[in-house]
Amino acid sequence: MKLGATATRAGRRFISSLPALFGVVVFTFLLMRVLPGDPAVFFASGPQAGPEEIAMIRKQMGLDKPVPQQLLLYLGDLSQGNLGRSLTTGQPVLADLRNRLPASLELTLTALLIALLTAVPLGIAAALRPGSAVDHLVRFICALGVCVPTFVSGLLLIYVFYYLLGLAPDPTGRIDIFLSQPPRITGFLLIDFALAGDWEGWSAAARQLVLPALTMALFVVAPLARMTRASMLASLGSDFIRTAKSLGLSSRKIIVTYALRNAILPVLTIAGIVFSTMLGANVLVEKVFSWPGVASYALDALLSSDYAPVQGFVLLMAAIFVFVNLTVDVLYGIADPRVSVE
Amino acid sequence: MTFHRTALLSLFLASAALPALAQTRAETLRHVTGASINTLDPNMPGSTREAFGLSLLTYDRLVSFGRKQLDGNWVFDLDTIRGELAERFDVSPDGLKITFHLRKDAKFHDGTPVTAEDVKWSMDRAVTARSLAAGQLLTGSITKADQFRIVDTHTVELTLPQPDKLALPNLATVYPVIFNSRLAKSKATAEDPWAQEWLKANTAGSGAYIIESFKAGETTILRRNEDWKRGPGNSQAHFKRIITQTIPEASTRANLVERGDADIVIDLQAVDAADLERKGKLKVISTPQYNAITFVSFNNQMPPFDKVGVRRAIAAALPYEDMFKAALFERGKRLYGATWADGKAPTGDTFPIVQPLKTNLAEAKRLLTEAGFPDGFSTTFSFNVGQAGTAEPMAALLKESLEKIGIKVDIQKLPDAQMSTLINEKKVPFFTEGIVAWLPSMDYFYRNFYIGPIRWNYSSLNDPKLTELAQAARFEGDKAKYAAYGLQLNTMHYELMPQIPLWQPSQDAVMAPSIEGYTYQFHRQIDFRDLSRK
């Protein structure tokens with residue numbers, strides 16, 4: 001019954017987000033064409049790079065047609081699941097994204113997990129003793145994490161753990177180049193290695209993942225911890241906690257069962273937003289660690305005005321955003337049954 | 001159940017592969033680079049430099065460049081051409097016919113023998129198909145399919161409309177590669193008679209290396225073609241395996257090679273290369289790119305840069321030495337600071353030559369006043385984001401120095417695609433850019449970089465006399481007369497100052513001390529066939 005209601009609500013939410021997705025497609029399409037920079041000229045690099053070669057590339061990219069017609073053709077291709085071809089990599093965009101998305105997702109999810117496992121206990125600890133030394137320490141850690149840009153912390157971690165200490169593997173992507181890849185099932189190396197039962201490969205992949213995930217986690221611990229602290233404070237100060245205390249319940253039960261469950265809603269919201277942002281904005285981390293993810297792919301394409309990959313990337317991000325929002329909605333329902341009533 | 005079996009199988013395979021890999025580490029070369037390969041066919045419009053580098057390994061050409069020593073470093077030599085797929089070649093006395101005798105033992109990767117048929121098809125493709133090759137080959141008077149004639153199974157003849165010094169060198173560049181015509185034809189379609197779509201993602205060559213795995217923008221793994229013995233003196237390539245990895249962060253590349261995890265890298269920042277050279281643990285071969293030039297360029301059609309006085313004033317005001325130190329850490333060859341006795345160029349055999357340019361602000365101020373700008377003017381100075389590492393410090397010094405003679409400069413940093421569009425449309429007044437010539441002969445530079453409305457004519461120069469001299473030099477067979485043309489051209493270049501040659505940046509190849517044989521190549525990539533490990 002309750003599950004059915006959640007599903008209906010999720011379905012309705014999903015349908016209402018379709019116009020937004022369409023808008024994103026059209027907007028990105030037009031935006032790319034308004035931006036200064038002609039991809040045909042950029043890719044025309046022959047010694048004669050004259051008008052003919054430029055016209056040839058323009059035709060190859062379909063840019064010789066009027067923009068409205070280009071848009072219709074693009075929408076037609078989209079409906080058949082064709083996102084076009086990238087000139088930067090020479091591959092179909094869909095294949096590129098399919099290859100690279102698991103890398104980005106694996107990194108972002110690991111980073112988010114590390115961040116949540118650190119931020120929530122830190123936030124609770126700070127909320128339990130507001131104004132104490134613990135609270136100040138948490139505040140200090142958060143400030144430090146948020147004010148050091150990810151590429152600085154990334155390079156610093158590489159310098160210390162790879163260059164100086166030699167503890168970390170070389171920061172060159174998802175797995176040591178001399179190891180063989182697992183058979184591709186999900187694209188998530190940790191899962192694929194586990195499915196293949198290759199634990200040596202699994203630990204190699206995990207070792208590659210630690211530094212970039214830590215770098216990203218450092219950056220997002222602050223919003224999560226601060227949000228946990230604030231909503232825990234509000235929750236701890238409310239009447240039902242006072243009642244629970246007066247009834248003599250164990251402090252564990254009061255904090256975890258009553259206070260935390262009520263305080264977790266805003267944290268979930270923030271976690272959803274943080275996740276989407278991380279996925280799109282982790283370009284610096286991907287660049288520093290040579291991580292073959294979607295964000296660095298899109299940046300390279302953007303710098304060379306390669307339209308198809310940028311449009312494909314934005315559409316993918318929009319779709320993920322919609323999906324994450326749906327998930328957060330569903331999680332609301334589980335964390336706080338009152339939300340589902342509506 | 002099936003799943004279980006696959007899992008066991010892959011576990012078995014993985015464990016079996018490991019010792020083999022460990023053994024071959026010494027026979028494997030690991031190369032790291034910041035850029036990526038975007039096609040397996042170098043002829044595709046938009047091919048990256050790394051794609052050119054790869055094609056040199058997977059395909060053979062009829063001929064290839066020899067090498068020579070230049071200031072103690074090995075560099076490619078435009079004047080020595082040796083056979084690659086051709087065992088030998090003869091040039092007729094009148095220079096109009098070149099006959100190529102193919103190696104009889106050469107085979108494509110799939111085992112089919114290389115025949116004159118394949119050469120003919122590949123050359124027809126080069127001049128006919130809509131690709132990059134046609135534009136390059138016409139600089140060597142190779143424009144039509146009927147110029148190539150099959151004499152017999154292993155002999156092909158090329159007929160030229162006039163003797164052309166650059167015909168043979170053109171055949172050694174990356175475009176006229178020899179395809180397995182039978183394989184390629186089987187993949188051709190009615191709309192795509194030259195199998196261009198298929199060859200973007202597949203190879204059909206006879207080169208020294210076979211692609212084992214290729215992930216665009218990540219890694220390329222090559223395996224040695226054991227049958228290939230077409231190096232200098234019929235030698236084989238040394239390394240059994242070559243791994244090229246894309247590592248976008250320059251400092252990470254430096255770390256990798258310093259720690260010995262990577263064997264060679266050629267695209268480090270100048271500061272990292274200087275640092276590694278000082279530490280002395282690695283071999284650093286720093287070769288000034290003698291076929292490349294960095295310019296400060298003006299649009300000669302746009303006021304106020306249409307006045308030669310303004311251009312010369314700026315040339316006298318640039319802080320050359322400071323710019324060279326700040327941008328390149330002195331890693332390169334200076335193209336300023338010479339003394340020309342009578343204001344005439346001392347040599348005409350080559351371009352570029354060191355210019356008699358020095359920083360002289362009083363002289364600059366005088367020239368500017370004479371040109372009608374006693375109070376100076378305002379302008380913008382542009383460079384692209386991709387060059388920011390060297391261009392940014394340079395632009396700041398330029399701005400500071402020009403301010404002293406009254407020219408106010410606004411620095412513009414543009415995304416690469418935008419910069420190339422604006423340059424192509426001739427809309428940038430004052431900027432810095434670089435050029436590279438695969439075939440660095442004097443007339444080739446003048447013809448390709450100073451004539452016509454093309455993108456590479458940065459200065460938009462349109463000077464009938466210079467055009468005439470450059471065209472005349474092209475087909476001049478007599479060395480002394482050629483040099484006389486060059487003398488006039490080089491002197492004109494200094495007098496007109498269409499753009500200011502600054503320097504030739506070095507290519508810093510940083511490698512493990514055990515790597516030998518590195519040669520600076522025309523396409524500014526590593527030709528892995530040159531390398532060995534001692």
# chains A, B, ... in the order shown; residues from 1 in each chain; ligands from 1
$ interface_residues --of "chain B" --to "chain A" --cutoff "6 Å" --atoms "only C-alpha atoms" --output "list in words"
Ala7, Leu11, Asn38, Thr39, Gly46, Leu132, Gly135, Ala216, Ile247, Pro248, Glu249, Ala417, Gln418, Ser420, Thr421 and Ile454 of chain B
$ write_last_selection --atoms "C-alpha atoms" --output "PDB file, in the first residue's frame"
ATOM      1  CA  ALA B   7      34.799 -16.548 -13.174  1.00  0.00           C
ATOM      2  CA  LEU B  11      40.865 -16.117 -12.605  1.00  0.00           C
ATOM      3  CA  ASN B  38      41.287  10.316 -31.965  1.00  0.00           C
ATOM      4  CA  THR B  39      41.585   8.202 -35.103  1.00  0.00           C
ATOM      5  CA  GLY B  46      40.722  16.668 -37.254  1.00  0.00           C
ATOM      6  CA  LEU B 132      44.055  15.728 -45.255  1.00  0.00           C
ATOM      7  CA  GLY B 135      46.364  19.299 -49.243  1.00  0.00           C
ATOM      8  CA  ALA B 216      40.369   6.671 -27.065  1.00  0.00           C
ATOM      9  CA  ILE B 247      47.783  11.607 -18.226  1.00  0.00           C
ATOM     10  CA  PRO B 248      46.247  15.091 -18.424  1.00  0.00           C
ATOM     11  CA  GLU B 249      48.156  16.608 -15.477  1.00  0.00           C
ATOM     12  CA  ALA B 417      38.502  26.931 -30.668  1.00  0.00           C
ATOM     13  CA  GLN B 418      37.544  30.593 -30.403  1.00  0.00           C
ATOM     14  CA  SER B 420      41.483  29.585 -34.129  1.00  0.00           C
ATOM     15  CA  THR B 421      38.127  30.807 -35.463  1.00  0.00           C
ATOM     16  CA  ILE B 454      44.628  30.806 -45.231  1.00  0.00           C
TER      17      ILE B 454
END
$ select_by_dssp --residues "segment 288-434 of chain B" --states "alpha helix (DSSP H)" --output "NGL selection string"
:B and (308-317 or 320-328 or 361-370 or 388-403 or 416-424)
$ closest_atom_pairs --of "segment 68-123 of chain B" --to "segment 167-179 of chain B" --cutoff "8 Å" --atoms "only C-alpha atoms" --output "Markdown table"
| residue | atom | partner | partner_atom | distance |
| --- | --- | --- | --- | --- |
| B:Leu78 | CA | B:Pro169 | CA | 6.5 |
| B:Ile81 | CA | B:Pro169 | CA | 7.0 |
| B:Asp118 | CA | B:Phe179 | CA | 6.3 |
| B:Val119 | CA | B:Ile178 | CA | 5.8 |
| B:Trp121 | CA | B:Phe179 | CA | 7.8 |
| B:Ser122 | CA | B:Ile178 | CA | 5.4 |
| B:Met123 | CA | B:Pro176 | CA | 6.5 |
$ residues_around --residues "Gln245 of chain B" --least-positions-apart "3" --cutoff "12 Å" --atoms "only C-alpha atoms" --output "mmCIF file with N, CA and C atoms, in the first residue's frame"
data_model
loop_
_atom_site.group_PDB
_atom_site.id
_atom_site.type_symbol
_atom_site.label_atom_id
_atom_site.label_comp_id
_atom_site.auth_asym_id
_atom_site.auth_seq_id
_atom_site.Cartn_x
_atom_site.Cartn_y
_atom_site.Cartn_z
ATOM 1 N N PRO A 171 49.179 7.559 -9.922
ATOM 2 C CA PRO A 171 47.844 8.126 -10.152
ATOM 3 C C PRO A 171 47.502 8.161 -11.637
ATOM 4 N N THR A 172 47.332 7.011 -12.239
ATOM 5 C CA THR A 172 47.103 6.970 -13.685
ATOM 6 C C THR A 172 45.861 6.181 -14.011
ATOM 7 N N GLY A 173 44.736 6.631 -13.467
ATOM 8 C CA GLY A 173 43.493 6.002 -13.875
ATOM 9 C C GLY A 173 43.013 4.940 -12.890
ATOM 10 N N ILE A 175 43.110 1.526 -12.870
ATOM 11 C CA ILE A 175 43.791 0.296 -12.511
ATOM 12 C C ILE A 175 45.209 0.313 -13.065
ATOM 13 N N ASP A 176 46.117 -0.339 -12.372
ATOM 14 C CA ASP A 176 47.500 -0.464 -12.817
ATOM 15 C C ASP A 176 47.515 -0.981 -14.253
ATOM 16 N N ILE A 177 48.255 -0.293 -15.097
ATOM 17 C CA ILE A 177 48.238 -0.598 -16.525
ATOM 18 C C ILE A 177 48.747 -2.011 -16.810
ATOM 19 N N PHE A 178 49.576 -2.551 -15.911
ATOM 20 C CA PHE A 178 50.129 -3.875 -16.165
ATOM 21 C C PHE A 178 49.205 -4.998 -15.698
ATOM 22 N N SER A 290 44.058 11.469 -13.631
ATOM 23 C CA SER A 290 43.891 10.830 -14.941
ATOM 24 C C SER A 290 42.732 9.853 -14.916
ATOM 25 N N TRP A 291 41.684 10.212 -14.224
ATOM 26 C CA TRP A 291 40.533 9.323 -14.074
ATOM 27 C C TRP A 291 39.680 9.404 -15.338
ATOM 28 N N PRO A 292 39.436 8.305 -16.024
ATOM 29 C CA PRO A 292 38.723 8.396 -17.307
ATOM 30 C C PRO A 292 37.224 8.562 -17.120
ATOM 31 N N LEU B 29 57.808 -0.546 -23.252
ATOM 32 C CA LEU B 29 58.068 0.876 -23.088
ATOM 33 C C LEU B 29 56.767 1.526 -22.661
ATOM 34 N N ARG B 30 56.821 2.254 -21.535
ATOM 35 C CA ARG B 30 55.610 2.933 -21.086
ATOM 36 C C ARG B 30 55.777 4.431 -21.306
ATOM 37 N N HIS B 31 54.912 4.967 -22.124
ATOM 38 C CA HIS B 31 54.993 6.368 -22.532
ATOM 39 C C HIS B 31 53.768 7.085 -21.984
ATOM 40 N N VAL B 32 53.961 8.264 -21.404
ATOM 41 C CA VAL B 32 52.808 9.033 -20.928
ATOM 42 C C VAL B 32 52.737 10.360 -21.677
ATOM 43 N N THR B 33 51.515 10.802 -21.929
ATOM 44 C CA THR B 33 51.311 12.033 -22.685
ATOM 45 C C THR B 33 50.054 12.743 -22.192
ATOM 46 N N GLY B 34 49.971 14.043 -22.466
ATOM 47 C CA GLY B 34 48.794 14.774 -22.027
ATOM 48 C C GLY B 34 47.663 14.742 -23.034
ATOM 49 N N ALA B 35 47.967 14.347 -24.255
ATOM 50 C CA ALA B 35 46.961 14.436 -25.306
ATOM 51 C C ALA B 35 46.435 13.050 -25.656
ATOM 52 N N SER B 36 45.570 12.975 -26.646
ATOM 53 C CA SER B 36 45.014 11.665 -26.959
ATOM 54 C C SER B 36 44.865 11.451 -28.457
ATOM 55 N N ILE B 37 44.722 10.179 -28.794
ATOM 56 C CA ILE B 37 44.606 9.755 -30.186
ATOM 57 C C ILE B 37 43.125 9.720 -30.538
ATOM 58 N N GLU B 50 48.981 13.047 -31.896
ATOM 59 C CA GLU B 50 49.240 11.709 -31.351
ATOM 60 C C GLU B 50 48.731 10.643 -32.316
ATOM 61 N N SER B 213 45.306 -3.036 -27.994
ATOM 62 C CA SER B 213 44.058 -2.480 -27.472
ATOM 63 C C SER B 213 44.116 -0.970 -27.613
ATOM 64 N N PHE B 214 42.968 -0.372 -27.858
ATOM 65 C CA PHE B 214 42.920 1.064 -28.067
ATOM 66 C C PHE B 214 41.688 1.617 -27.382
ATOM 67 N N LYS B 215 41.911 2.488 -26.379
ATOM 68 C CA LYS B 215 40.790 3.158 -25.728
ATOM 69 C C LYS B 215 41.018 4.642 -25.911
ATOM 70 N N ALA B 216 40.181 5.259 -26.745
ATOM 71 C CA ALA B 216 40.369 6.671 -27.065
ATOM 72 C C ALA B 216 40.437 7.496 -25.787
ATOM 73 N N GLY B 217 41.454 8.336 -25.683
ATOM 74 C CA GLY B 217 41.576 9.229 -24.545
ATOM 75 C C GLY B 217 42.078 8.563 -23.279
ATOM 76 N N GLU B 218 42.401 7.255 -23.330
ATOM 77 C CA GLU B 218 42.924 6.587 -22.138
ATOM 78 C C GLU B 218 44.256 5.898 -22.434
ATOM 79 N N THR B 219 44.185 4.741 -23.082
ATOM 80 C CA THR B 219 45.419 3.991 -23.306
ATOM 81 C C THR B 219 45.435 3.379 -24.699
ATOM 82 N N THR B 220 46.655 3.188 -25.200
ATOM 83 C CA THR B 220 46.850 2.446 -26.434
ATOM 84 C C THR B 220 47.966 1.452 -26.150
ATOM 85 N N ILE B 221 47.735 0.189 -26.450
ATOM 86 C CA ILE B 221 48.775 -0.814 -26.235
ATOM 87 C C ILE B 221 49.138 -1.414 -27.584
ATOM 88 N N LEU B 222 50.444 -1.396 -27.890
ATOM 89 C CA LEU B 222 50.919 -1.895 -29.175
ATOM 90 C C LEU B 222 51.803 -3.118 -28.967
ATOM 91 N N ILE B 242 54.470 -1.493 -26.454
ATOM 92 C CA ILE B 242 54.494 -0.068 -26.156
ATOM 93 C C ILE B 242 53.146 0.316 -25.579
ATOM 94 N N PRO B 248 46.450 13.673 -18.110
ATOM 95 C CA PRO B 248 46.247 15.091 -18.424
ATOM 96 C C PRO B 248 47.127 16.042 -17.598
ATOM 97 N N GLU B 249 47.454 15.677 -16.367
ATOM 98 C CA GLU B 249 48.156 16.608 -15.477
ATOM 99 C C GLU B 249 49.667 16.535 -15.715
ATOM 100 N N ARG B 253 52.750 13.632 -14.834
ATOM 101 C CA ARG B 253 53.631 12.981 -15.813
ATOM 102 C C ARG B 253 55.085 13.081 -15.350
ATOM 103 N N LEU B 256 55.682 10.603 -12.574
ATOM 104 C CA LEU B 256 55.720 9.220 -13.056
ATOM 105 C C LEU B 256 57.075 8.871 -13.644
ATOM 106 N N ASP B 261 58.243 4.943 -13.075
ATOM 107 C CA ASP B 261 57.050 4.182 -13.466
ATOM 108 C C ASP B 261 56.752 4.355 -14.948
ATOM 109 N N ALA B 262 57.146 5.507 -15.502
ATOM 110 C CA ALA B 262 57.008 5.709 -16.950
ATOM 111 C C ALA B 262 58.414 5.805 -17.528
ATOM 112 N N ASP B 263 58.570 5.383 -18.795
ATOM 113 C CA ASP B 263 59.900 5.363 -19.388
ATOM 114 C C ASP B 263 60.229 6.637 -20.147
ATOM 115 N N ILE B 264 59.222 7.251 -20.744
ATOM 116 C CA ILE B 264 59.527 8.436 -21.562
ATOM 117 C C ILE B 264 58.327 9.368 -21.628
ATOM 118 N N VAL B 265 58.625 10.671 -21.679
ATOM 119 C CA VAL B 265 57.577 11.679 -21.845
ATOM 120 C C VAL B 265 58.187 12.849 -22.602
#
$ residues_around --residues "Val328 of chain A" --least-positions-apart "4" --cutoff "8 Å" --atoms "only C-alpha atoms" --output "short mmCIF file (atom, residue, chain, number, x, y, z; two decimals) with C-alpha atoms, in the first residue's frame"
data_model
loop_
_atom_site.label_atom_id
_atom_site.label_comp_id
_atom_site.auth_asym_id
_atom_site.auth_seq_id
_atom_site.Cartn_x
_atom_site.Cartn_y
_atom_site.Cartn_z
CA LEU A 268 19.52 13.55 2.61
CA THR A 269 18.49 16.56 0.55
CA GLY A 272 21.44 14.38 -3.18
CA VAL A 324 18.81 11.44 -7.91
CA TYR A 332 12.25 10.80 2.37
#
$ residues_around --residues "Lys344 of chain B" --least-positions-apart "2" --cutoff "9 Å" --atoms "only C-alpha atoms" --output "mmCIF file with N, CA and C atoms, in the first residue's frame"
data_model
loop_
_atom_site.group_PDB
_atom_site.id
_atom_site.type_symbol
_atom_site.label_atom_id
_atom_site.label_comp_id
_atom_site.auth_asym_id
_atom_site.auth_seq_id
_atom_site.Cartn_x
_atom_site.Cartn_y
_atom_site.Cartn_z
ATOM 1 N N TRP B 340 73.442 42.028 -38.008
ATOM 2 C CA TRP B 340 73.564 41.932 -39.463
ATOM 3 C C TRP B 340 74.347 43.153 -39.921
ATOM 4 N N ALA B 341 75.507 42.929 -40.550
ATOM 5 C CA ALA B 341 76.425 44.026 -40.847
ATOM 6 C C ALA B 341 75.743 45.179 -41.576
ATOM 7 N N ASP B 342 75.080 44.897 -42.697
ATOM 8 C CA ASP B 342 74.546 45.973 -43.524
ATOM 9 C C ASP B 342 73.018 45.961 -43.567
ATOM 10 N N PRO B 346 72.231 37.439 -43.571
ATOM 11 C CA PRO B 346 73.520 36.808 -43.852
ATOM 12 C C PRO B 346 73.391 35.501 -44.635
ATOM 13 N N THR B 347 72.208 34.865 -44.610
ATOM 14 C CA THR B 347 72.071 33.604 -45.340
ATOM 15 C C THR B 347 70.674 33.445 -45.914
ATOM 16 N N LEU B 487 67.980 34.845 -49.684
ATOM 17 C CA LEU B 487 68.608 36.041 -49.129
ATOM 18 C C LEU B 487 67.664 37.233 -49.253
ATOM 19 N N GLN B 488 67.054 37.350 -50.430
ATOM 20 C CA GLN B 488 66.108 38.452 -50.651
ATOM 21 C C GLN B 488 64.895 38.316 -49.735
ATOM 22 N N ASN B 490 64.577 36.619 -46.860
ATOM 23 C CA ASN B 490 64.893 36.819 -45.446
ATOM 24 C C ASN B 490 65.110 38.293 -45.134
ATOM 25 N N THR B 491 65.701 39.020 -46.068
ATOM 26 C CA THR B 491 65.902 40.454 -45.858
ATOM 27 C C THR B 491 64.558 41.175 -45.875
ATOM 28 N N MET B 492 63.713 40.789 -46.830
ATOM 29 C CA MET B 492 62.371 41.395 -46.892
ATOM 30 C C MET B 492 61.583 41.147 -45.608
ATOM 31 N N TYR B 494 62.680 40.792 -42.653
ATOM 32 C CA TYR B 494 63.133 41.684 -41.575
ATOM 33 C C TYR B 494 62.653 43.108 -41.819
#
$ residues_around --residues "segment 18-21 of chain A" --least-positions-apart "4" --cutoff "9 Å" --atoms "only C-alpha atoms" --output "VMD selection string"
chain A and resid 14 25 to 26 315 318 to 319 322
$ atom_distance --atom1 "atom CA of Ala254 of chain B" --atom2 "atom CA of Asp77 of chain B"
29.4 Å
$ residues_around --residues "segment 286-302 of chain B" --least-positions-apart "3" --cutoff "8 Å" --atoms "only C-alpha atoms" --output "PyMOL selection string"
chain B and resi 73+305-307+311+331-333+352+426-440+458-461+498-509+520+522
$ write_last_selection --atoms "C-alpha atoms" --output "short mmCIF file (atom, residue, chain, number, x, y, z; two decimals), in the first residue's frame"
data_model
loop_
_atom_site.label_atom_id
_atom_site.label_comp_id
_atom_site.auth_asym_id
_atom_site.auth_seq_id
_atom_site.Cartn_x
_atom_site.Cartn_y
_atom_site.Cartn_z
CA ASN B 73 71.09 16.06 -30.93
CA PHE B 305 49.49 47.39 -37.62
CA ASP B 306 49.22 48.09 -41.34
CA LYS B 307 52.05 50.59 -40.80
CA ARG B 311 55.42 46.84 -36.36
CA ARG B 331 64.71 26.03 -23.11
CA GLY B 332 64.86 26.69 -26.82
CA LYS B 333 66.78 28.55 -29.48
CA PRO B 352 64.02 31.04 -39.88
CA LYS B 426 41.47 37.46 -39.62
CA LYS B 427 39.87 39.30 -36.71
CA VAL B 428 42.72 39.29 -34.18
CA PRO B 429 44.93 42.41 -34.37
CA PHE B 430 47.87 41.42 -32.15
CA PHE B 431 48.61 37.97 -30.75
CA THR B 432 51.07 35.16 -30.22
CA GLU B 433 50.96 31.88 -32.10
CA GLY B 434 53.29 29.18 -33.30
CA ILE B 435 53.82 27.40 -36.58
CA VAL B 436 55.29 24.05 -37.53
CA ALA B 437 56.44 22.88 -40.94
CA TRP B 438 56.84 19.16 -41.52
CA LEU B 439 59.12 19.89 -44.43
CA PRO B 440 61.22 22.79 -43.17
CA TYR B 458 48.89 34.80 -39.34
CA SER B 459 50.13 38.20 -40.46
CA SER B 460 47.64 38.29 -43.39
CA LEU B 461 50.57 39.47 -45.46
CA PRO B 498 55.04 41.07 -40.80
CA GLN B 499 55.45 39.19 -37.51
CA ILE B 500 58.25 38.91 -34.98
CA PRO B 501 59.99 35.52 -34.74
CA LEU B 502 60.81 35.01 -31.07
CA TRP B 503 62.28 31.58 -30.61
CA GLN B 504 62.13 27.88 -31.39
CA PRO B 505 60.95 26.13 -28.23
CA SER B 506 62.75 22.95 -27.25
CA GLN B 507 61.12 19.59 -27.18
CA ASP B 508 62.22 18.15 -23.87
CA ALA B 509 62.30 14.39 -24.10
CA TYR B 520 63.41 14.51 -32.82
CA PHE B 522 59.08 16.05 -38.07
#
$ closest_residue --among "B:Tyr59, B:Phe351, B:Phe76, B:Tyr482" --to "Ile526 of chain B" --atoms "only C-alpha atoms"
B:Phe76
$ atom_distance --atom1 "atom CA of Thr379 of chain B" --atom2 "atom CA of Tyr446 of chain B"
27.4 Å
$ select_by_dssp --residues "segment 260-465 of chain B" --states "strand (DSSP E or B)" --output "VMD selection string"
chain B and resid 264 to 265 283 to 288 292 to 298 332 to 334 378 to 384 408 to 414 430 to 436
$ write_last_selection --atoms "C-alpha atoms" --output "compact mmCIF listing (two decimals), in the first residue's frame"
# COMPACT_ATOMS: atom_id res chain seq x y z
CA ILE B 264 59.53 8.44 -21.56
CA VAL B 265 57.58 11.68 -21.85
CA LYS B 283 68.20 11.45 -19.38
CA VAL B 284 66.87 14.77 -20.67
CA ILE B 285 67.30 15.41 -24.39
CA SER B 286 66.34 18.95 -25.17
CA THR B 287 66.09 19.62 -28.90
CA PRO B 288 65.13 23.05 -30.25
CA ALA B 292 58.78 25.30 -35.49
CA ILE B 293 58.67 29.01 -34.62
CA THR B 294 56.87 31.03 -31.97
CA PHE B 295 55.80 34.46 -33.16
CA VAL B 296 54.39 37.68 -31.86
CA SER B 297 52.13 38.38 -34.77
CA PHE B 298 50.13 41.32 -36.12
CA GLY B 332 64.86 26.69 -26.82
CA LYS B 333 66.78 28.55 -29.48
CA ARG B 334 66.70 32.35 -29.51
CA SER B 378 45.42 51.02 -27.28
CA THR B 379 45.12 47.46 -28.49
CA THR B 380 44.51 43.89 -27.37
CA PHE B 381 47.01 41.04 -27.21
CA SER B 382 45.50 37.54 -27.51
CA PHE B 383 46.64 34.00 -26.89
CA ASN B 384 44.82 30.71 -26.48
CA LYS B 408 48.26 50.31 -23.82
CA VAL B 409 47.71 46.57 -24.11
CA ASP B 410 44.68 44.65 -22.92
CA ILE B 411 45.46 40.93 -22.54
CA GLN B 412 42.88 38.49 -23.91
CA LYS B 413 42.99 34.80 -23.10
CA LEU B 414 40.71 32.89 -25.48
CA PHE B 430 47.87 41.42 -32.15
CA PHE B 431 48.61 37.97 -30.75
CA THR B 432 51.07 35.16 -30.22
CA GLU B 433 50.96 31.88 -32.10
CA GLY B 434 53.29 29.18 -33.30
CA ILE B 435 53.82 27.40 -36.58
CA VAL B 436 55.29 24.05 -37.53
$ decode --residues "segment 222-232 of chain B" --atoms "N, CA and C atoms" --output "compact mmCIF listing (two decimals), in the first residue's frame"
# COMPACT_ATOMS: atom_id res chain seq x y z
N LEU B 222 50.44 -1.40 -27.89
CA LEU B 222 50.92 -1.89 -29.18
C LEU B 222 51.80 -3.12 -28.97
N ARG B 223 51.71 -4.05 -29.91
CA ARG B 223 52.53 -5.26 -29.87
C ARG B 223 53.42 -5.22 -31.11
N ARG B 224 54.67 -5.69 -30.98
CA ARG B 224 55.60 -5.63 -32.09
C ARG B 224 55.18 -6.59 -33.20
N ASN B 225 55.33 -6.14 -34.44
CA ASN B 225 55.10 -6.98 -35.61
C ASN B 225 56.42 -7.71 -35.87
N GLU B 226 56.46 -9.01 -35.56
CA GLU B 226 57.73 -9.74 -35.59
C GLU B 226 58.31 -9.84 -37.00
N ASP B 227 57.44 -9.70 -38.02
CA ASP B 227 57.91 -9.80 -39.41
C ASP B 227 58.55 -8.52 -39.92
N TRP B 228 58.37 -7.44 -39.17
CA TRP B 228 58.80 -6.13 -39.68
C TRP B 228 60.30 -5.96 -39.50
N LYS B 229 61.01 -5.82 -40.60
CA LYS B 229 62.47 -5.56 -40.53
C LYS B 229 62.79 -4.44 -41.50
N ARG B 230 62.14 -3.29 -41.30
CA ARG B 230 62.31 -2.22 -42.27
C ARG B 230 62.91 -0.96 -41.64
N GLY B 231 63.55 -1.12 -40.47
CA GLY B 231 64.25 0.01 -39.86
C GLY B 231 65.55 0.25 -40.62
N PRO B 232 66.37 1.23 -40.13
CA PRO B 232 67.66 1.46 -40.79
C PRO B 232 68.48 0.16 -40.77
